[in-house]
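A.B. asks: Sharing entry-v1.cif, mmCIF, C-alpha atoms:
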data_target
#
loop_
_atom_site.group_PDB
_atom_site.id
_atom_site.type_symbol
_atom_site.label_atom_id
_atom_site.label_comp_id
_atom_site.auth_asym_id
_atom_site.auth_seq_id
_atom_site.Cartn_x
_atom_site.Cartn_y
_atom_site.Cartn_z
ATOM 1 C CA MET A 56 15.914 88.085 -28.386
ATOM 2 C CA THR A 57 16.127 90.267 -25.288
ATOM 3 C CA ARG A 58 16.645 93.960 -25.596
ATOM 4 C CA THR A 59 18.752 96.164 -23.353
ATOM 5 C CA ARG A 60 16.554 98.440 -21.306
ATOM 6 C CA ILE A 61 17.849 101.925 -20.679
ATOM 7 C CA HIS A 62 17.058 103.721 -17.410
ATOM 8 C CA THR A 63 17.842 107.330 -16.570
ATOM 9 C CA TYR A 64 18.143 108.949 -13.159
ATOM 10 C CA GLU A 65 17.622 112.662 -12.694
ATOM 11 C CA THR A 66 19.025 114.599 -9.780
ATOM 12 C CA THR A 67 19.478 118.244 -8.972
ATOM 13 C CA VAL A 68 22.471 119.500 -7.009
ATOM 14 C CA THR A 69 22.055 123.057 -5.700
ATOM 15 C CA TRP A 70 24.998 124.842 -4.119
ATOM 16 C CA THR A 71 23.869 126.592 -0.918
ATOM 17 C CA GLY A 72 27.255 127.777 0.333
ATOM 18 C CA ASN A 73 27.433 131.354 -0.961
ATOM 19 C CA ARG A 74 28.202 133.517 2.074
ATOM 20 C CA GLY A 75 27.568 136.685 0.073
ATOM 21 C CA THR A 76 30.803 136.960 -1.897
ATOM 22 C CA GLY A 77 30.637 133.723 -3.874
ATOM 23 C CA THR A 78 33.950 132.044 -4.542
ATOM 24 C CA SER A 79 35.950 135.252 -4.121
ATOM 25 C CA GLY A 80 38.500 133.246 -2.103
ATOM 26 C CA TYR A 81 39.137 129.618 -1.196
ATOM 27 C CA ARG A 82 38.015 130.162 2.399
ATOM 28 C CA ASP A 83 35.147 132.519 1.534
ATOM 29 C CA TYR A 84 32.458 129.960 0.694
ATOM 30 C CA ASP A 85 30.855 126.862 2.182
ATOM 31 C CA ARG A 86 30.942 123.526 0.383
ATOM 32 C CA SER A 87 27.274 122.914 1.255
ATOM 33 C CA CYS A 88 24.728 121.789 -1.285
ATOM 34 C CA ASP A 89 21.354 120.095 -1.429
ATOM 35 C CA LEU A 90 20.828 116.904 -3.413
ATOM 36 C CA ALA A 91 17.341 116.394 -4.736
ATOM 37 C CA ALA A 92 15.343 114.166 -7.047
ATOM 38 C CA PRO A 93 11.704 114.403 -8.103
ATOM 39 C CA GLY A 94 9.354 113.342 -5.313
ATOM 40 C CA ARG A 95 12.065 112.789 -2.711
ATOM 41 C CA PRO A 96 13.301 114.785 0.283
ATOM 42 C CA ALA A 97 16.496 116.732 -0.197
ATOM 43 C CA ILE A 98 19.751 115.387 1.223
ATOM 44 C CA ALA A 99 22.004 117.912 2.929
ATOM 45 C CA ALA A 100 25.481 117.392 1.497
ATOM 46 C CA SER A 101 28.921 118.946 1.610
ATOM 47 C CA SER A 102 32.522 117.973 1.041
ATOM 48 C CA ASP A 103 34.433 115.827 3.495
ATOM 49 C CA PRO A 104 35.501 117.857 6.562
ATOM 50 C CA LEU A 105 39.121 117.269 5.496
ATOM 51 C CA PHE A 106 38.304 119.404 2.449
ATOM 52 C CA ARG A 107 36.585 122.238 4.357
ATOM 53 C CA GLY A 108 33.205 120.515 4.394
ATOM 54 C CA ASP A 109 30.431 120.460 6.963
ATOM 55 C CA PRO A 110 30.791 117.352 9.167
ATOM 56 C CA THR A 111 27.020 117.238 9.773
ATOM 57 C CA ARG A 112 26.255 116.679 6.074
ATOM 58 C CA TRP A 113 26.773 113.677 3.799
ATOM 59 C CA ASN A 114 29.775 113.901 1.473
ATOM 60 C CA PRO A 115 30.203 112.327 -1.986
ATOM 61 C CA GLU A 116 32.619 109.714 -0.710
ATOM 62 C CA GLN A 117 30.153 108.496 1.931
ATOM 63 C CA LEU A 118 27.354 108.494 -0.624
ATOM 64 C CA LEU A 119 29.398 106.323 -3.000
ATOM 65 C CA VAL A 120 30.176 103.789 -0.270
ATOM 66 C CA ALA A 121 26.513 103.843 0.839
ATOM 67 C CA SER A 122 25.372 103.287 -2.769
ATOM 68 C CA LEU A 123 27.572 100.217 -3.099
ATOM 69 C CA SER A 124 26.363 98.872 0.240
ATOM 70 C CA GLN A 125 22.697 99.501 -0.499
ATOM 71 C CA CYS A 126 22.904 97.964 -3.967
ATOM 72 C CA HIS A 127 24.468 94.800 -2.522
ATOM 73 C CA LEU A 128 21.805 94.688 0.210
ATOM 74 C CA LEU A 129 18.931 94.946 -2.251
ATOM 75 C CA TRP A 130 20.288 92.246 -4.569
ATOM 76 C CA PHE A 131 21.079 89.974 -1.616
ATOM 77 C CA LEU A 132 17.553 90.304 -0.209
ATOM 78 C CA HIS A 133 16.083 89.573 -3.643
ATOM 79 C CA LEU A 134 18.233 86.468 -4.075
ATOM 80 C CA ALA A 135 17.536 85.306 -0.518
ATOM 81 C CA ALA A 136 13.786 85.549 -1.060
ATOM 82 C CA GLU A 137 14.091 83.576 -4.307
ATOM 83 C CA ALA A 138 16.200 80.895 -2.565
ATOM 84 C CA GLY A 139 13.809 80.538 0.375
ATOM 85 C CA VAL A 140 16.260 82.088 2.837
ATOM 86 C CA VAL A 141 14.424 84.112 5.485
ATOM 87 C CA VAL A 142 16.586 87.104 6.411
ATOM 88 C CA THR A 143 15.552 88.724 9.681
ATOM 89 C CA SER A 144 18.359 91.285 10.000
ATOM 90 C CA TYR A 145 21.064 92.803 7.788
ATOM 91 C CA VAL A 146 23.628 95.406 8.854
ATOM 92 C CA ASP A 147 26.582 96.398 6.698
ATOM 93 C CA GLU A 148 29.455 98.410 8.139
ATOM 94 C CA ALA A 149 31.099 99.230 4.813
ATOM 95 C CA VAL A 150 34.454 100.990 4.511
ATOM 96 C CA GLY A 151 35.816 102.831 1.490
ATOM 97 C CA THR A 152 39.479 103.727 1.046
ATOM 98 C CA LEU A 153 40.459 106.827 -0.923
ATOM 99 C CA ALA A 154 44.059 107.585 -1.895
ATOM 100 C CA GLU A 155 44.718 111.311 -2.269
ATOM 101 C CA GLN A 156 47.611 112.261 -4.530
ATOM 102 C CA PRO A 157 49.880 115.279 -4.235
ATOM 103 C CA GLY A 158 48.098 118.180 -5.867
ATOM 104 C CA GLY A 159 44.678 117.101 -4.619
ATOM 105 C CA ALA A 160 43.556 114.445 -7.131
ATOM 106 C CA GLY A 161 42.610 111.072 -5.770
ATOM 107 C CA GLN A 162 40.585 107.944 -6.270
ATOM 108 C CA PHE A 163 39.019 105.117 -4.351
ATOM 109 C CA THR A 164 41.324 102.132 -4.096
ATOM 110 C CA GLU A 165 38.682 99.761 -2.721
ATOM 111 C CA VAL A 166 35.442 99.412 -0.834
ATOM 112 C CA VAL A 167 34.891 96.543 1.583
ATOM 113 C CA LEU A 168 31.327 95.557 2.425
ATOM 114 C CA ARG A 169 30.919 93.803 5.758
ATOM 115 C CA PRO A 170 27.325 92.630 5.917
ATOM 116 C CA ARG A 171 26.225 90.805 9.046
ATOM 117 C CA VAL A 172 23.151 88.823 8.105
ATOM 118 C CA THR A 173 20.803 87.011 10.457
ATOM 119 C CA VAL A 174 18.661 84.233 9.019
ATOM 120 C CA ALA A 175 15.687 82.530 10.626
ATOM 121 C CA ASP A 176 17.148 79.009 10.775
ATOM 122 C CA PRO A 177 20.708 77.608 10.944
ATOM 123 C CA VAL A 178 20.049 75.369 7.910
ATOM 124 C CA MET A 179 19.758 78.541 5.819
ATOM 125 C CA ILE A 180 23.332 79.678 6.529
ATOM 126 C CA PRO A 181 25.048 77.551 3.835
ATOM 127 C CA VAL A 182 22.440 78.663 1.308
ATOM 128 C CA ALA A 183 22.654 82.347 2.253
ATOM 129 C CA GLN A 184 26.422 82.782 2.352
ATOM 130 C CA PRO A 185 27.133 82.201 -1.391
ATOM 131 C CA LEU A 186 24.310 84.563 -2.369
ATOM 132 C CA HIS A 187 26.722 87.432 -1.632
ATOM 133 C CA ASP A 188 28.868 86.427 -4.611
ATOM 134 C CA ARG A 189 25.853 86.516 -6.911
ATOM 135 C CA ALA A 190 24.629 89.815 -5.423
ATOM 136 C CA HIS A 191 28.058 91.285 -6.155
ATOM 137 C CA GLU A 192 27.904 90.082 -9.766
ATOM 138 C CA LEU A 193 24.485 91.704 -10.229
ATOM 139 C CA CYS A 194 24.976 94.997 -8.367
ATOM 140 C CA PHE A 195 24.670 97.838 -10.888
ATOM 141 C CA ILE A 196 26.861 100.169 -8.859
ATOM 142 C CA ALA A 197 29.673 97.668 -8.211
ATOM 143 C CA ARG A 198 29.701 96.805 -11.921
ATOM 144 C CA SER A 199 30.138 100.511 -12.729
ATOM 145 C CA VAL A 200 33.170 101.426 -10.644
ATOM 146 C CA ASN A 201 36.820 100.923 -11.584
ATOM 147 C CA PHE A 202 38.118 99.824 -8.183
ATOM 148 C CA PRO A 203 37.667 96.565 -6.277
ATOM 149 C CA VAL A 204 34.550 96.081 -4.196
ATOM 150 C CA ARG A 205 35.055 93.196 -1.820
ATOM 151 C CA HIS A 206 32.597 91.650 0.573
ATOM 152 C CA GLU A 207 33.283 89.931 3.882
ATOM 153 C CA PRO A 208 29.874 88.632 4.940
ATOM 154 C CA VAL A 209 29.035 86.942 8.197
ATOM 155 C CA THR A 210 25.817 84.953 8.437
ATOM 156 C CA VAL A 211 24.312 83.805 11.707
ATOM 157 C CA ALA A 212 21.024 82.225 12.747
ATOM 158 C CA ALA A 213 18.471 83.957 14.952
#
Rewrite the coordinates I just gave you, this time as structure tokens.
C.D. replies:
Amino acid sequence: MTRTRIHTYETTVTWTGNRGTGTSGYRDYDRSCDLAAPGRPAIAASSDPLFRGDPTRWNPEQLLVASLSQCHLLWFLHLAAEAGVVVTSYVDEAVGTLAEQPGGAGQFTEVVLRPRVTVADPVMIPVAQPLHDRAHELCFIARSVNFPVRHEPVTVAA
């Protein structure tokens, strides 16, 4: 009998946007924060510029899309290695769509992953292409969200 393994992930989010008067008014503070985890460099983050954020910092929406993309990448590479597919390049230009409701609430309606994968030999293309479906089934992040995550992969030979 196999047992479910539980993993935990610790992060620290520190707000750095106090201009001296805290949140005394909606326009009186920055949305900047630092994201950190033990043993890792901090990530400079903020809200989306549409919501008064710093355009030079990562925002939560970008981080969510990047998490989905990276999770798919890592599972795909694992499956490719197991299947004998030699991947020489992988670039994903992922796009997330967020619908904002009146009053400010909103939610993602979908994320589309668009990986462009290069394999070492043309005979590997038909083996590589279906691995995206399996990577999607296994991705922890995609399995955890309540909106569709689609993938539109393109595989070419070097």
A.B. asks: Just so the selection is clear, what residues does the PyMOL selection byres ((chain A and resi 90) around 8) cover here, as a VMD selection string?
C.D. replies: chain A and resid 66 to 69 88 to 89 91 to 92 97 to 100
A.B. asks: Measure the distance from CA of His206 in chain A to CA of Gly161 in chain A in Å and round it to one decimal.
C.D. replies: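 That distance, rounded to one decimal, is 22.8 Å.
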A.B. asks: Do a neighbour search on Phe195 in chain A at 12 Å with only C-alpha atoms, toss out local chain neighbours closer than 2 positions, and write the hits as a PyMOL selection string.
C.D. replies: chain A and resi 62+122-130+190-193+197-200
A.B. asks: So what do you get for CA of Arg169 in chain A versus CA of Thr111 in chain A, distance-wise?
C.D. replies: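 Rounded to one decimal, the two atoms are 24.1 Å apart.
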A.B. asks: For Leu105 in chain A, list every protein, DNA or RNA residue within 12 Å, evaluated using all atoms listed in the file, and leave out those in the same chain fewer than 4 positions away; present the list as a compact mmCIF listing (two decimals) with C-alpha atoms, in the frame of the given file.
C.D. replies:
# COMPACT_ATOMS: atom_id res chain seq x y z
CA ARG A 86 30.94 123.53 0.38
CA SER A 101 28.92 118.95 1.61
CA ASP A 109 30.43 120.46 6.96
CA PRO A 110 30.79 117.35 9.17
CA ASN A 114 29.78 113.90 1.47
CA GLU A 116 32.62 109.71 -0.71
CA GLU A 155 44.72 111.31 -2.27
CA GLY A 159 44.68 117.10 -4.62
A.B. asks: Pull out every residue that the PyMOL selection byres ((chain A and resi 211) around 12) matches in the shown coordinates and put them as a list of chain:residue names.
C.D. replies: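 Taken over the shown coordinates, the PyMOL selection byres ((chain A and resi 211) around 12) returns A:Val141, A:Val142, A:Thr143, A:Ser144, A:Tyr145, A:Val146, A:Pro170, A:Arg171, A:Val172, A:Thr173, A:Val174, A:Ala175, A:Asp176, A:Pro177, A:Val178, A:Met179, A:Ile180, A:Pro181, A:Val182, A:Ala183, A:Gln184, A:Pro208, A:Val209, A:Thr210, A:Ala212, A:Ala213.
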A.B. asks: Spell out the residues picked by the PyMOL selection byres ((chain A and resi 72) around 6) here, as a list in words.
C.D. replies: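 That selection, the PyMOL selection byres ((chain A and resi 72) around 6), comes back as Trp70, Thr71, Asn73, Tyr84, Asp85, Arg86 and Ser87 of chain A.
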A.B. asks: Padding of 5 Å on every side, edges along x, y and z, all listed atoms of range 86-92 of chain A included: what centre and edge lengths in Å, to one decimal, does that box have, as AutoDock Vina command-line options?
C.D. replies:
--center_x 23.1 --center_y 118.8 --center_z -2.9 --size_x 25.6 --size_y 19.4 --size_z 18.3
A.B. asks: Please compute the CA of Gly139 in chain A-CA of Leu186 in chain A distance, one decimal, in Å.
C.D. replies: 11.6 Å
A.B. asks: Would you mind telling me which residue in A:Arg205, A:Leu132, A:Pro96, A:Gly108 lies nearest to Thr152 in chain A when using all atoms listed in the file?
C.D. replies: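 Counting all atoms listed in the file, the residue closest to Thr152 in chain A is A:Arg205.
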A.B. asks: From the set A:Gln156, A:Gln117, A:Thr76, A:Asn201, which residue has the shortest atom-to-atom contact distance to Asp103 in chain A, counting only C-alpha atoms?
C.D. replies: A:Gln117
A.B. asks: Give me range 162-188 of chain A with N, CA and C atoms filled in, as a PDB file, in the coordinates of the input.
C.D. replies:
ATOM      1  N   GLN A 162      41.554 108.925  -5.817  1.00  0.00           N
ATOM      2  CA  GLN A 162      40.585 107.944  -6.270  1.00  0.00           C
ATOM      3  C   GLN A 162      40.400 106.896  -5.184  1.00  0.00           C
ATOM      4  N   PHE A 163      39.258 106.242  -5.245  1.00  0.00           N
ATOM      5  CA  PHE A 163      39.019 105.117  -4.351  1.00  0.00           C
ATOM      6  C   PHE A 163      39.932 103.976  -4.780  1.00  0.00           C
ATOM      7  N   THR A 164      40.502 103.307  -3.804  1.00  0.00           N
ATOM      8  CA  THR A 164      41.324 102.132  -4.096  1.00  0.00           C
ATOM      9  C   THR A 164      40.561 100.844  -3.822  1.00  0.00           C
ATOM     10  N   GLU A 165      39.557 100.909  -2.944  1.00  0.00           N
ATOM     11  CA  GLU A 165      38.682  99.761  -2.721  1.00  0.00           C
ATOM     12  C   GLU A 165      37.553 100.154  -1.779  1.00  0.00           C
ATOM     13  N   VAL A 166      36.518  99.353  -1.824  1.00  0.00           N
ATOM     14  CA  VAL A 166      35.442  99.412  -0.834  1.00  0.00           C
ATOM     15  C   VAL A 166      35.245  97.984  -0.331  1.00  0.00           C
ATOM     16  N   VAL A 167      35.145  97.855   0.982  1.00  0.00           N
ATOM     17  CA  VAL A 167      34.891  96.543   1.583  1.00  0.00           C
ATOM     18  C   VAL A 167      33.526  96.592   2.251  1.00  0.00           C
ATOM     19  N   LEU A 168      32.646  95.710   1.818  1.00  0.00           N
ATOM     20  CA  LEU A 168      31.327  95.557   2.425  1.00  0.00           C
ATOM     21  C   LEU A 168      31.441  94.485   3.496  1.00  0.00           C
ATOM     22  N   ARG A 169      30.850  94.747   4.650  1.00  0.00           N
ATOM     23  CA  ARG A 169      30.919  93.803   5.758  1.00  0.00           C
ATOM     24  C   ARG A 169      29.518  93.499   6.297  1.00  0.00           C
ATOM     25  N   PRO A 170      28.677  92.908   5.450  1.00  0.00           N
ATOM     26  CA  PRO A 170      27.325  92.630   5.917  1.00  0.00           C
ATOM     27  C   PRO A 170      27.289  91.544   6.986  1.00  0.00           C
ATOM     28  N   ARG A 171      26.515  91.812   8.016  1.00  0.00           N
ATOM     29  CA  ARG A 171      26.225  90.805   9.046  1.00  0.00           C
ATOM     30  C   ARG A 171      24.743  90.473   8.884  1.00  0.00           C
ATOM     31  N   VAL A 172      24.493  89.257   8.455  1.00  0.00           N
ATOM     32  CA  VAL A 172      23.151  88.823   8.105  1.00  0.00           C
ATOM     33  C   VAL A 172      22.662  87.807   9.134  1.00  0.00           C
ATOM     34  N   THR A 173      21.443  87.990   9.580  1.00  0.00           N
ATOM     35  CA  THR A 173      20.803  87.011  10.457  1.00  0.00           C
ATOM     36  C   THR A 173      19.691  86.337   9.666  1.00  0.00           C
ATOM     37  N   VAL A 174      19.699  85.009   9.693  1.00  0.00           N
ATOM     38  CA  VAL A 174      18.661  84.233   9.019  1.00  0.00           C
ATOM     39  C   VAL A 174      17.823  83.513  10.080  1.00  0.00           C
ATOM     40  N   ALA A 175      16.647  83.090   9.675  1.00  0.00           N
ATOM     41  CA  ALA A 175      15.687  82.530  10.626  1.00  0.00           C
ATOM     42  C   ALA A 175      16.078  81.150  11.155  1.00  0.00           C
ATOM     43  N   ASP A 176      16.861  80.392  10.394  1.00  0.00           N
ATOM     44  CA  ASP A 176      17.148  79.009  10.775  1.00  0.00           C
ATOM     45  C   ASP A 176      18.595  78.680  10.403  1.00  0.00           C
ATOM     46  N   PRO A 177      19.309  77.955  11.249  1.00  0.00           N
ATOM     47  CA  PRO A 177      20.708  77.608  10.944  1.00  0.00           C
ATOM     48  C   PRO A 177      20.900  76.864   9.616  1.00  0.00           C
ATOM     49  N   VAL A 178      19.899  76.103   9.175  1.00  0.00           N
ATOM     50  CA  VAL A 178      20.049  75.369   7.910  1.00  0.00           C
ATOM     51  C   VAL A 178      20.119  76.310   6.711  1.00  0.00           C
ATOM     52  N   MET A 179      19.731  77.558   6.907  1.00  0.00           N
ATOM     53  CA  MET A 179      19.758  78.541   5.819  1.00  0.00           C
ATOM     54  C   MET A 179      21.142  79.167   5.629  1.00  0.00           C
ATOM     55  N   ILE A 180      22.015  79.029   6.602  1.00  0.00           N
ATOM     56  CA  ILE A 180      23.332  79.678   6.529  1.00  0.00           C
ATOM     57  C   ILE A 180      24.119  79.238   5.293  1.00  0.00           C
ATOM     58  N   PRO A 181      24.263  77.938   5.014  1.00  0.00           N
ATOM     59  CA  PRO A 181      25.048  77.551   3.835  1.00  0.00           C
ATOM     60  C   PRO A 181      24.394  77.942   2.503  1.00  0.00           C
ATOM     61  N   VAL A 182      23.118  78.192   2.516  1.00  0.00           N
ATOM     62  CA  VAL A 182      22.440  78.663   1.308  1.00  0.00           C
ATOM     63  C   VAL A 182      22.629  80.182   1.161  1.00  0.00           C
ATOM     64  N   ALA A 183      22.571  80.884   2.275  1.00  0.00           N
ATOM     65  CA  ALA A 183      22.654  82.347   2.253  1.00  0.00           C
ATOM     66  C   ALA A 183      24.044  82.854   1.902  1.00  0.00           C
ATOM     67  N   GLN A 184      25.061  82.250   2.476  1.00  0.00           N
ATOM     68  CA  GLN A 184      26.422  82.782   2.352  1.00  0.00           C
ATOM     69  C   GLN A 184      26.855  82.976   0.887  1.00  0.00           C
ATOM     70  N   PRO A 185      26.681  81.998  -0.006  1.00  0.00           N
ATOM     71  CA  PRO A 185      27.133  82.201  -1.391  1.00  0.00           C
ATOM     72  C   PRO A 185      26.283  83.204  -2.190  1.00  0.00           C
ATOM     73  N   LEU A 186      25.132  83.578  -1.664  1.00  0.00           N
ATOM     74  CA  LEU A 186      24.310  84.563  -2.369  1.00  0.00           C
ATOM     75  C   LEU A 186      25.011  85.917  -2.455  1.00  0.00           C
ATOM     76  N   HIS A 187      25.972  86.175  -1.571  1.00  0.00           N
ATOM     77  CA  HIS A 187      26.722  87.432  -1.632  1.00  0.00           C
ATOM     78  C   HIS A 187      27.541  87.522  -2.918  1.00  0.00           C
ATOM     79  N   ASP A 188      28.099  86.409  -3.362  1.00  0.00           N
ATOM     80  CA  ASP A 188      28.868  86.427  -4.611  1.00  0.00           C
ATOM     81  C   ASP A 188      27.969  86.800  -5.783  1.00  0.00           C
TER      82      ASP A 188
END
